[in-house]
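Enquirer: The structure is given below, and queries will be raised subsequently.
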Amino acid sequence: MRYSRSSSSCRWRQQQWCPQPPLEPLMEGPDPEMLEDGNKKESSWELIREWFGVQKSFGAGSNFTSSSSFNGSGVQTKIGDLRLLLGVLGCPLAPIPLASADPEPPLHLKSTPIETSIAHYIIQQYLAATGSLKRRQKGEEQSIKNMYASGRVKMICCETEISSAGKTVKSLGTRSEEGGCFVLWQMSPGMWSLELVVAGHKLIAGSDGKIVWRHTPWLGTHAAKGPQRPLRRIIQGLDPRITASLFLKARCLGEKRIGEEDCFVLKVAADREAVMERSEGPAEVMRHVLYGYFSQKSGLLVYLEDSHLTRVDSGSSTDESATATAGAVYWETTIGSTLDDYREVLGGAGCSGVCVAHAGRSIATVFRFGEDESMQYSRSRMEEEWQIDDVDFNVPGLSLDYFIPPADIFHDPNTVVSPNSTSS
């Protein structure tokens with residue numbers, strides 16, 4: 001499947017994102033009755049709290065079965081599950097901004113810790129395995145100006161486990177699969193645009209190099225706080241240069257076996273100042289770390305995992321002393337992605353020889369704990385599988401106009417930020 005690059009398509013995209021008066025959020029959900037409150041600007045925390053509230057009520061009932069998703073409020077539950085899937089796995093960002101556009105900075109061995117120098121060597125092997133190092137030696141690295149990719153996704157909400165009053169209740173869902181597709185554009189440095197459609201829900205996100213924003217039918221348009229960071233879908237094997245740049249300051253933690261592969265494990269974490277910039281209101285980002293598992297045999301990145309922890313004050317009072325004594329809820333989102341089917345990209349002016357991952361699978365876990373004795377913790381597990389159908393470099397006609405943020409980002413004073421790894 002190759003995305004049409006006709007002039008009419010280009011004009012349509014330019015008109016779509018040119019500055020204009022603020023518009024109401026689009027109602028694109030499959031059930032209009034479920035989106036009656038779509039015009040109201042609500043935070044992503046309210047969405048996730050509502051979802052976990054539904055799971056909690058199910059866990060408290062003794063007659064809950066997997067077939068409940070088809071009875072009564074089952075339609076609402078199914079839509080809530082899909083929204084959570086898109087919120088967590090739709091367009092998550094990498095933990096840290098790109099340290100440099102140059103994935104091969106000079107190293108001073110005398111002043112560099114051994115864990116960092118080993119990590120640098122592993123990254124060089126990764127660049128060589130993907131063909132990027134050979135291109136750099138030939139002076140062709142700068143010839144890659146942009147990238148395009150399209151593919152299919154399949155999202156699955158697997159199960160929710162709730163521990164209430166010392167009793168563990170496992171709520172097995174229907175494991176329904178929702179299919180969709182996406183189109184991704186990228187222009188260096190740091191500009192990208194993503195359109196993802198799953199089961200009638202459309203998610204649009206992008207970055208102009210300064211602002212990262214997202215639009216969903218149920219939350220409208222909002223921007224991410226903190227430093228500008230790359231889209232996680234791009235570092236999942238699609239652009240080896242950006243992936244290598246992200247691990248510039250990584251440390252090697254040792255070795256670990258992933259499936260049939262013996263891997264080196266690299267770790268990079270967001271600075272404390274950076275995660276504090278992403279905090280807002282009662283939600284405080286505590287940490288965000290990224291682990292890369294590079295095959296010792298092939299040198300390729302075969303597994304990627306990031307962990308994101310946020311603390312939210314559960315007190316609703318605006319008085320500081322009251323809030324300080326109120327309990328806190330901790331939300332930990334972990335996404336682990338297996339990368340597979342590395343193939344050389346043929347085509348693109350002067351870009352042959354770059355090897356990218358054409359398939360993969362992600363498992364995400366949202367873990368909620370620390371509220372009160374009535375609900376000690378909740379854990380929800382979800383999956384995504386993706387397949388790249390078409391990928392190309394140096395697409396003719398792609399310009400800065402493709403990455404202009406929507407006008408309501410600059411006009412709406414109530415712009416909110418996603419609480420999890422999606423856009424925060």
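Within each chain, counting starts at residue 1; across the structure tokens, chains are named A, B, ... in the order shown, with ligands numbered 1 upward in that order.
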May I have the residues within 6 Å of A:Thr310 as a JSON list (two decimals) with N, CA and C atoms, in the first residue's frame, using only C-alpha atoms and disregarding those fewer than 6 positions away in the same chain?

Expert:
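Result file is part30.json:
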[["chain", "number", "residue", "atom", "x", "y", "z"],
["A", 284, "GLU", "N", 2.32, 14.77, 39.18],
["A", 284, "GLU", "CA", 3.76, 15.00, 39.21],
["A", 284, "GLU", "C", 4.47, 13.80, 38.59],
["A", 285, "VAL", "N", 5.19, 14.04, 37.51],
["A", 285, "VAL", "CA", 5.96, 12.98, 36.87],
["A", 285, "VAL", "C", 7.18, 12.68, 37.73],
["A", 286, "MET", "N", 7.34, 11.44, 38.15],
["A", 286, "MET", "CA", 8.43, 11.05, 39.04],
["A", 286, "MET", "C", 9.66, 10.60, 38.25],
["A", 330, "TYR", "N", -0.50, 6.42, 42.53],
["A", 330, "TYR", "CA", 0.63, 6.30, 41.62],
["A", 330, "TYR", "C", 0.20, 5.53, 40.38],
["A", 331, "TRP", "N", 0.59, 6.05, 39.24],
["A", 331, "TRP", "CA", 0.29, 5.42, 37.97],
["A", 331, "TRP", "C", 1.61, 5.09, 37.28]]

Enquirer: Taking the backbone alone, and naming residues the way the document does, which bits of stretch 246-275 of chain A are helix (DSSP H, G or I) by DSSP, as a ChimeraX atom specification?

Expert: /A:246,272-275

Enquirer: Once you have the residues from the selection above, write them out as a tab-separated table (two decimals), in the first residue's frame, restricted to N, CA and C atoms.

Expert:
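Saved as part13.tsv:
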chain	number	residue	atom	x	y	z
A	246	LEU	N	19.15	8.91	20.46
A	246	LEU	CA	18.45	8.86	21.75
A	246	LEU	C	19.28	8.15	22.81
A	272	ARG	N	15.90	14.97	35.93
A	272	ARG	CA	14.89	15.38	36.90
A	272	ARG	C	14.24	16.70	36.50
A	273	GLU	N	15.03	17.63	35.98
A	273	GLU	CA	14.48	18.92	35.57
A	273	GLU	C	13.49	18.74	34.42
A	274	ALA	N	13.79	17.80	33.52
A	274	ALA	CA	12.92	17.58	32.36
A	274	ALA	C	11.57	16.99	32.79
A	275	VAL	N	11.59	16.02	33.70
A	275	VAL	CA	10.32	15.41	34.12
A	275	VAL	C	9.51	16.39	34.97

Enquirer: Pick out each residue of stretch 162-339 of chain A that DSSP on the backbone tags as strand (DSSP E or B); I need them as a short mmCIF file (atom, residue, chain, number, x, y, z; two decimals) with N, CA, C and O atoms, in the first residue's frame.

Expert:
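Result file selection33.cif:
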data_model
loop_
_atom_site.label_atom_id
_atom_site.label_comp_id
_atom_site.auth_asym_id
_atom_site.auth_seq_id
_atom_site.Cartn_x
_atom_site.Cartn_y
_atom_site.Cartn_z
N ILE A 162 -7.64 -6.68 39.57
CA ILE A 162 -7.95 -5.74 40.65
C ILE A 162 -7.79 -6.44 41.99
O ILE A 162 -8.30 -7.55 42.19
N SER A 163 -7.07 -5.81 42.91
CA SER A 163 -6.95 -6.30 44.27
C SER A 163 -7.77 -5.39 45.17
O SER A 163 -7.49 -4.20 45.29
N SER A 164 -8.81 -5.92 45.78
CA SER A 164 -9.71 -5.12 46.60
C SER A 164 -9.85 -5.77 47.97
O SER A 164 -10.26 -6.93 48.08
N LYS A 167 -8.44 -9.14 48.54
CA LYS A 167 -8.91 -10.21 47.67
C LYS A 167 -8.62 -9.84 46.22
O LYS A 167 -9.01 -8.78 45.76
N THR A 168 -7.95 -10.72 45.52
CA THR A 168 -7.61 -10.45 44.13
C THR A 168 -8.72 -10.96 43.21
O THR A 168 -9.12 -12.11 43.30
N VAL A 169 -9.24 -10.07 42.36
CA VAL A 169 -10.28 -10.41 41.41
C VAL A 169 -9.72 -10.17 40.02
O VAL A 169 -9.32 -9.05 39.70
N LYS A 170 -9.66 -11.20 39.21
CA LYS A 170 -9.17 -11.04 37.84
C LYS A 170 -10.35 -10.99 36.90
O LYS A 170 -11.15 -11.93 36.84
N SER A 171 -10.49 -9.88 36.21
CA SER A 171 -11.58 -9.69 35.26
C SER A 171 -11.05 -9.95 33.87
O SER A 171 -10.30 -9.15 33.32
N LEU A 172 -11.40 -11.07 33.32
CA LEU A 172 -10.94 -11.43 31.98
C LEU A 172 -11.86 -10.80 30.95
O LEU A 172 -13.06 -11.05 30.95
N GLU A 177 -10.38 -7.83 19.24
CA GLU A 177 -9.34 -7.20 18.43
C GLU A 177 -9.95 -6.10 17.59
O GLU A 177 -11.01 -6.26 16.99
N GLU A 178 -9.27 -4.96 17.57
CA GLU A 178 -9.70 -3.83 16.76
C GLU A 178 -8.59 -3.52 15.77
O GLU A 178 -7.45 -3.28 16.16
N GLY A 179 -8.92 -3.51 14.49
CA GLY A 179 -7.93 -3.23 13.46
C GLY A 179 -7.95 -1.77 13.04
O GLY A 179 -8.93 -1.05 13.24
N GLY A 180 -6.85 -1.35 12.46
CA GLY A 180 -6.75 0.02 11.99
C GLY A 180 -5.54 0.21 11.10
O GLY A 180 -4.86 -0.75 10.73
N CYS A 181 -5.27 1.46 10.78
CA CYS A 181 -4.12 1.78 9.93
C CYS A 181 -3.57 3.13 10.34
O CYS A 181 -4.21 3.89 11.09
N PHE A 182 -2.37 3.45 9.88
CA PHE A 182 -1.75 4.72 10.22
C PHE A 182 -0.87 5.19 9.07
O PHE A 182 -0.41 4.41 8.24
N VAL A 183 -0.64 6.50 9.05
CA VAL A 183 0.28 7.14 8.12
C VAL A 183 1.19 8.05 8.92
O VAL A 183 0.71 8.82 9.78
N LEU A 184 2.48 7.97 8.68
CA LEU A 184 3.46 8.73 9.45
C LEU A 184 4.40 9.47 8.50
O LEU A 184 4.91 8.89 7.54
N TRP A 185 4.58 10.76 8.78
CA TRP A 185 5.52 11.59 8.02
C TRP A 185 6.54 12.15 9.01
O TRP A 185 6.21 12.50 10.14
N GLN A 186 7.76 12.28 8.56
CA GLN A 186 8.80 12.86 9.41
C GLN A 186 9.76 13.71 8.57
O GLN A 186 10.10 13.36 7.44
N MET A 187 10.15 14.84 9.15
CA MET A 187 11.17 15.68 8.53
C MET A 187 12.14 16.11 9.61
O MET A 187 11.75 16.51 10.70
N MET A 191 10.45 17.06 13.34
CA MET A 191 9.11 17.35 12.85
C MET A 191 8.48 16.05 12.35
O MET A 191 9.08 15.32 11.57
N TRP A 192 7.27 15.78 12.80
CA TRP A 192 6.56 14.57 12.39
C TRP A 192 5.06 14.78 12.45
O TRP A 192 4.57 15.70 13.11
N SER A 193 4.34 13.93 11.76
CA SER A 193 2.88 13.99 11.71
C SER A 193 2.35 12.56 11.64
O SER A 193 2.81 11.77 10.82
N LEU A 194 1.38 12.25 12.49
CA LEU A 194 0.82 10.90 12.57
C LEU A 194 -0.69 10.97 12.48
O LEU A 194 -1.33 11.79 13.16
N GLU A 195 -1.28 10.12 11.66
CA GLU A 195 -2.72 9.92 11.61
C GLU A 195 -2.99 8.43 11.82
O GLU A 195 -2.50 7.59 11.07
N LEU A 196 -3.77 8.13 12.85
CA LEU A 196 -4.06 6.75 13.23
C LEU A 196 -5.56 6.58 13.36
O LEU A 196 -6.22 7.36 14.05
N VAL A 197 -6.12 5.57 12.71
CA VAL A 197 -7.56 5.28 12.77
C VAL A 197 -7.74 3.85 13.21
O VAL A 197 -7.20 2.92 12.59
N VAL A 198 -8.49 3.66 14.29
CA VAL A 198 -8.78 2.32 14.82
C VAL A 198 -10.26 2.26 15.19
O VAL A 198 -10.73 3.07 16.00
N HIS A 201 -12.30 5.42 15.46
CA HIS A 201 -11.71 6.49 16.25
C HIS A 201 -10.45 6.99 15.54
O HIS A 201 -9.57 6.20 15.22
N LYS A 202 -10.37 8.28 15.35
CA LYS A 202 -9.22 8.87 14.65
C LYS A 202 -8.39 9.69 15.61
O LYS A 202 -8.90 10.58 16.30
N LEU A 203 -7.11 9.40 15.65
CA LEU A 203 -6.17 10.14 16.47
C LEU A 203 -5.16 10.82 15.54
O LEU A 203 -4.60 10.18 14.65
N ILE A 204 -4.96 12.12 15.76
CA ILE A 204 -4.02 12.89 14.95
C ILE A 204 -3.02 13.54 15.90
O ILE A 204 -3.40 14.11 16.92
N ALA A 205 -1.75 13.44 15.59
CA ALA A 205 -0.71 14.02 16.43
C ALA A 205 0.41 14.55 15.55
O ALA A 205 0.54 14.15 14.39
N GLY A 206 1.19 15.46 16.11
CA GLY A 206 2.27 16.02 15.30
C GLY A 206 3.21 16.88 16.12
O GLY A 206 2.98 17.16 17.29
N SER A 207 4.27 17.30 15.47
CA SER A 207 5.26 18.19 16.07
C SER A 207 5.87 19.04 14.97
O SER A 207 6.18 18.53 13.87
N ASP A 208 6.04 20.32 15.26
CA ASP A 208 6.70 21.22 14.31
C ASP A 208 8.15 21.49 14.72
O ASP A 208 8.78 22.41 14.22
N VAL A 212 4.64 19.73 20.58
CA VAL A 212 4.07 18.41 20.33
C VAL A 212 2.60 18.46 20.73
O VAL A 212 2.27 18.87 21.84
N TRP A 213 1.72 18.08 19.84
CA TRP A 213 0.29 18.19 20.10
C TRP A 213 -0.42 16.91 19.67
O TRP A 213 0.11 16.08 18.95
N ARG A 214 -1.66 16.78 20.15
CA ARG A 214 -2.47 15.61 19.85
C ARG A 214 -3.94 16.00 19.81
O ARG A 214 -4.38 16.88 20.55
N HIS A 215 -4.71 15.36 18.93
CA HIS A 215 -6.15 15.59 18.86
C HIS A 215 -6.88 14.25 18.87
O HIS A 215 -6.57 13.35 18.09
N THR A 216 -7.86 14.12 19.80
CA THR A 216 -8.76 12.98 19.82
C THR A 216 -10.19 13.51 19.88
O THR A 216 -10.42 14.62 20.37
N GLY A 220 -10.38 16.57 22.41
CA GLY A 220 -10.04 17.73 21.60
C GLY A 220 -8.54 17.80 21.35
O GLY A 220 -7.85 16.78 21.30
N THR A 221 -8.03 19.02 21.21
CA THR A 221 -6.61 19.23 20.91
C THR A 221 -5.88 19.70 22.15
O THR A 221 -6.36 20.58 22.86
N HIS A 222 -4.73 19.13 22.42
CA HIS A 222 -3.93 19.57 23.54
C HIS A 222 -2.45 19.36 23.23
O HIS A 222 -2.09 18.58 22.36
N ALA A 223 -1.60 20.09 23.95
CA ALA A 223 -0.16 20.05 23.71
C ALA A 223 0.54 19.37 24.87
O ALA A 223 0.06 19.37 26.01
N LEU A 231 8.62 10.90 18.58
CA LEU A 231 7.53 9.93 18.64
C LEU A 231 8.11 8.53 18.82
O LEU A 231 9.07 8.15 18.16
N ARG A 251 23.86 4.14 29.41
CA ARG A 251 24.81 3.31 30.14
C ARG A 251 24.49 1.85 29.84
O ARG A 251 23.33 1.47 29.70
N CYS A 252 25.51 1.04 29.76
CA CYS A 252 25.33 -0.40 29.55
C CYS A 252 25.14 -1.07 30.90
O CYS A 252 26.00 -0.97 31.79
N LEU A 253 24.02 -1.75 31.06
CA LEU A 253 23.70 -2.41 32.33
C LEU A 253 24.15 -3.86 32.37
O LEU A 253 24.10 -4.49 33.42
N GLY A 254 24.57 -4.39 31.23
CA GLY A 254 24.98 -5.79 31.21
C GLY A 254 24.33 -6.52 30.07
O GLY A 254 24.07 -5.96 29.00
N GLU A 255 24.02 -7.81 30.28
CA GLU A 255 23.46 -8.66 29.25
C GLU A 255 22.17 -9.31 29.74
O GLU A 255 21.99 -9.53 30.94
N LYS A 256 21.30 -9.61 28.78
CA LYS A 256 20.05 -10.29 29.11
C LYS A 256 19.54 -11.00 27.87
O LYS A 256 19.72 -10.52 26.75
N ARG A 257 18.89 -12.12 28.06
CA ARG A 257 18.38 -12.91 26.94
C ARG A 257 16.92 -12.52 26.68
O ARG A 257 16.08 -12.56 27.59
N ILE A 258 16.62 -12.14 25.44
CA ILE A 258 15.26 -11.81 25.01
C ILE A 258 14.86 -12.81 23.94
O ILE A 258 15.39 -12.79 22.82
N GLU A 261 17.53 -14.40 21.61
CA GLU A 261 18.64 -13.48 21.38
C GLU A 261 19.34 -13.12 22.69
O GLU A 261 18.69 -12.78 23.68
N ASP A 262 20.66 -13.20 22.69
CA ASP A 262 21.46 -12.66 23.78
C ASP A 262 21.71 -11.18 23.47
O ASP A 262 22.23 -10.84 22.40
N CYS A 263 21.35 -10.32 24.41
CA CYS A 263 21.34 -8.88 24.13
C CYS A 263 22.18 -8.11 25.14
O CYS A 263 22.34 -8.51 26.30
N PHE A 264 22.70 -6.97 24.68
CA PHE A 264 23.25 -5.95 25.56
C PHE A 264 22.11 -5.01 25.95
O PHE A 264 21.28 -4.64 25.11
N VAL A 265 22.08 -4.60 27.21
CA VAL A 265 21.02 -3.75 27.72
C VAL A 265 21.56 -2.34 27.95
O VAL A 265 22.50 -2.15 28.73
N LEU A 266 20.97 -1.36 27.28
CA LEU A 266 21.33 0.04 27.47
C LEU A 266 20.19 0.77 28.14
O LEU A 266 19.01 0.51 27.85
N LYS A 267 20.55 1.69 29.03
CA LYS A 267 19.54 2.45 29.77
C LYS A 267 19.82 3.94 29.63
O LYS A 267 20.94 4.39 29.75
N VAL A 268 18.74 4.70 29.40
CA VAL A 268 18.81 6.15 29.38
C VAL A 268 17.58 6.67 30.12
O VAL A 268 16.49 6.10 29.99
N ALA A 269 17.75 7.71 30.92
CA ALA A 269 16.66 8.23 31.75
C ALA A 269 16.52 9.73 31.56
O ALA A 269 17.50 10.44 31.28
N GLU A 280 2.00 18.81 36.03
CA GLU A 280 0.97 19.85 35.97
C GLU A 280 -0.11 19.57 37.00
O GLU A 280 -0.62 18.45 37.09
N ALA A 283 -0.77 16.29 39.21
CA ALA A 283 0.01 15.21 38.62
C ALA A 283 1.49 15.59 38.55
O ALA A 283 1.86 16.60 37.97
N GLU A 284 2.32 14.77 39.18
CA GLU A 284 3.76 15.00 39.21
C GLU A 284 4.47 13.80 38.59
O GLU A 284 4.35 12.67 39.06
N VAL A 285 5.19 14.04 37.51
CA VAL A 285 5.96 12.98 36.87
C VAL A 285 7.18 12.68 37.73
O VAL A 285 8.00 13.57 38.00
N MET A 286 7.34 11.44 38.15
CA MET A 286 8.43 11.05 39.04
C MET A 286 9.66 10.60 38.25
O MET A 286 10.78 10.98 38.56
N ARG A 287 9.47 9.79 37.23
CA ARG A 287 10.60 9.29 36.44
C ARG A 287 10.09 8.78 35.11
O ARG A 287 8.91 8.46 34.95
N HIS A 288 11.01 8.69 34.16
CA HIS A 288 10.72 8.11 32.85
C HIS A 288 12.03 7.57 32.30
O HIS A 288 12.96 8.32 32.04
N VAL A 289 12.14 6.26 32.14
CA VAL A 289 13.38 5.63 31.71
C VAL A 289 13.12 4.77 30.47
O VAL A 289 11.99 4.31 30.24
N LEU A 290 14.17 4.57 29.70
CA LEU A 290 14.08 3.79 28.47
C LEU A 290 15.20 2.76 28.46
O LEU A 290 16.36 3.07 28.77
N TYR A 291 14.86 1.53 28.10
CA TYR A 291 15.82 0.44 28.00
C TYR A 291 15.83 -0.07 26.55
O TYR A 291 14.77 -0.34 25.98
N GLY A 292 17.02 -0.22 25.99
CA GLY A 292 17.17 -0.78 24.66
C GLY A 292 17.95 -2.08 24.72
O GLY A 292 19.00 -2.16 25.37
N TYR A 293 17.44 -3.11 24.06
CA TYR A 293 18.08 -4.43 24.05
C TYR A 293 18.61 -4.68 22.64
O TYR A 293 17.83 -4.87 21.70
N PHE A 294 19.94 -4.69 22.50
CA PHE A 294 20.59 -4.83 21.21
C PHE A 294 21.20 -6.23 21.09
O PHE A 294 21.96 -6.67 21.96
N SER A 295 20.86 -6.90 20.01
CA SER A 295 21.31 -8.28 19.80
C SER A 295 22.84 -8.34 19.70
O SER A 295 23.46 -7.57 18.96
N LEU A 301 18.50 -3.53 17.19
CA LEU A 301 17.63 -3.32 18.33
C LEU A 301 16.45 -4.28 18.22
O LEU A 301 15.67 -4.21 17.26
N VAL A 302 16.30 -5.20 19.18
CA VAL A 302 15.26 -6.23 19.10
C VAL A 302 14.17 -6.03 20.14
O VAL A 302 13.08 -6.61 20.00
N TYR A 303 14.42 -5.21 21.16
CA TYR A 303 13.40 -4.99 22.19
C TYR A 303 13.60 -3.61 22.80
O TYR A 303 14.74 -3.17 23.02
N LEU A 304 12.49 -2.93 23.05
CA LEU A 304 12.51 -1.58 23.59
C LEU A 304 11.48 -1.50 24.71
O LEU A 304 10.33 -1.91 24.53
N GLU A 305 11.90 -0.99 25.86
CA GLU A 305 10.98 -0.90 27.00
C GLU A 305 11.16 0.45 27.69
O GLU A 305 12.29 0.89 27.92
N ASP A 306 10.04 1.08 28.00
CA ASP A 306 10.12 2.30 28.80
C ASP A 306 9.10 2.24 29.94
O ASP A 306 8.06 1.60 29.82
N SER A 307 9.46 2.89 31.02
CA SER A 307 8.63 2.88 32.23
C SER A 307 8.42 4.31 32.69
O SER A 307 9.38 5.08 32.81
N HIS A 308 7.16 4.65 32.94
CA HIS A 308 6.77 6.03 33.23
C HIS A 308 5.95 6.03 34.52
O HIS A 308 4.91 5.36 34.62
N LEU A 309 6.41 6.74 35.54
CA LEU A 309 5.74 6.78 36.84
C LEU A 309 5.27 8.20 37.15
O LEU A 309 6.04 9.15 37.07
N THR A 310 3.98 8.32 37.51
CA THR A 310 3.39 9.62 37.85
C THR A 310 2.66 9.51 39.18
O THR A 310 1.98 8.52 39.45
N ARG A 311 2.81 10.53 39.99
CA ARG A 311 2.12 10.62 41.29
C ARG A 311 1.02 11.65 41.18
O ARG A 311 1.25 12.79 40.74
N VAL A 312 -0.21 11.29 41.60
CA VAL A 312 -1.36 12.19 41.53
C VAL A 312 -1.97 12.30 42.91
O VAL A 312 -2.34 11.30 43.54
N ASP A 313 -2.09 13.53 43.42
CA ASP A 313 -2.76 13.76 44.70
C ASP A 313 -4.23 13.46 44.54
O ASP A 313 -4.90 14.00 43.65
N ALA A 328 -2.17 9.76 47.98
CA ALA A 328 -1.69 9.91 46.61
C ALA A 328 -1.89 8.60 45.86
O ALA A 328 -1.83 7.51 46.44
N VAL A 329 -2.14 8.71 44.57
CA VAL A 329 -2.27 7.56 43.69
C VAL A 329 -1.10 7.57 42.73
O VAL A 329 -0.73 8.61 42.18
N TYR A 330 -0.50 6.42 42.53
CA TYR A 330 0.63 6.30 41.62
C TYR A 330 0.20 5.53 40.38
O TYR A 330 -0.46 4.49 40.50
N TRP A 331 0.59 6.05 39.24
CA TRP A 331 0.29 5.42 37.97
C TRP A 331 1.61 5.09 37.28
O TRP A 331 2.42 5.98 37.00
N GLU A 332 1.81 3.81 37.00
CA GLU A 332 3.02 3.39 36.29
C GLU A 332 2.62 2.74 34.96
O GLU A 332 1.89 1.75 34.94
N THR A 333 3.09 3.34 33.89
CA THR A 333 2.82 2.82 32.55
C THR A 333 4.10 2.24 31.98
O THR A 333 5.11 2.93 31.88
N THR A 334 4.06 0.98 31.61
CA THR A 334 5.22 0.30 31.04
C THR A 334 4.85 -0.22 29.65
O THR A 334 3.80 -0.87 29.49
N ILE A 335 5.68 0.08 28.67
CA ILE A 335 5.47 -0.38 27.31
C ILE A 335 6.71 -1.15 26.86
O ILE A 335 7.81 -0.60 26.84
N GLY A 336 6.52 -2.39 26.51
CA GLY A 336 7.61 -3.21 25.98
C GLY A 336 7.31 -3.60 24.54
O GLY A 336 6.23 -4.11 24.25
N SER A 337 8.25 -3.34 23.63
CA SER A 337 8.03 -3.57 22.21
C SER A 337 9.09 -4.51 21.64
O SER A 337 10.29 -4.28 21.83
N THR A 338 8.63 -5.53 20.96
CA THR A 338 9.51 -6.44 20.23
C THR A 338 9.57 -6.01 18.77
O THR A 338 8.52 -5.82 18.14
N LEU A 339 10.78 -5.81 18.25
CA LEU A 339 10.96 -5.35 16.87
C LEU A 339 11.43 -6.52 16.01
O LEU A 339 12.29 -7.31 16.40
#

Enquirer: Taking only C-alpha atoms into account, which of A:Ser279, A:Thr130, A:Ser362, A:Gln236 comes nearest A:Glu385?

Expert: A:Ser362

Enquirer: By how many Å are atom CA of A:Val354 and atom CA of A:Ser188 apart?

Expert: 16.2 Å
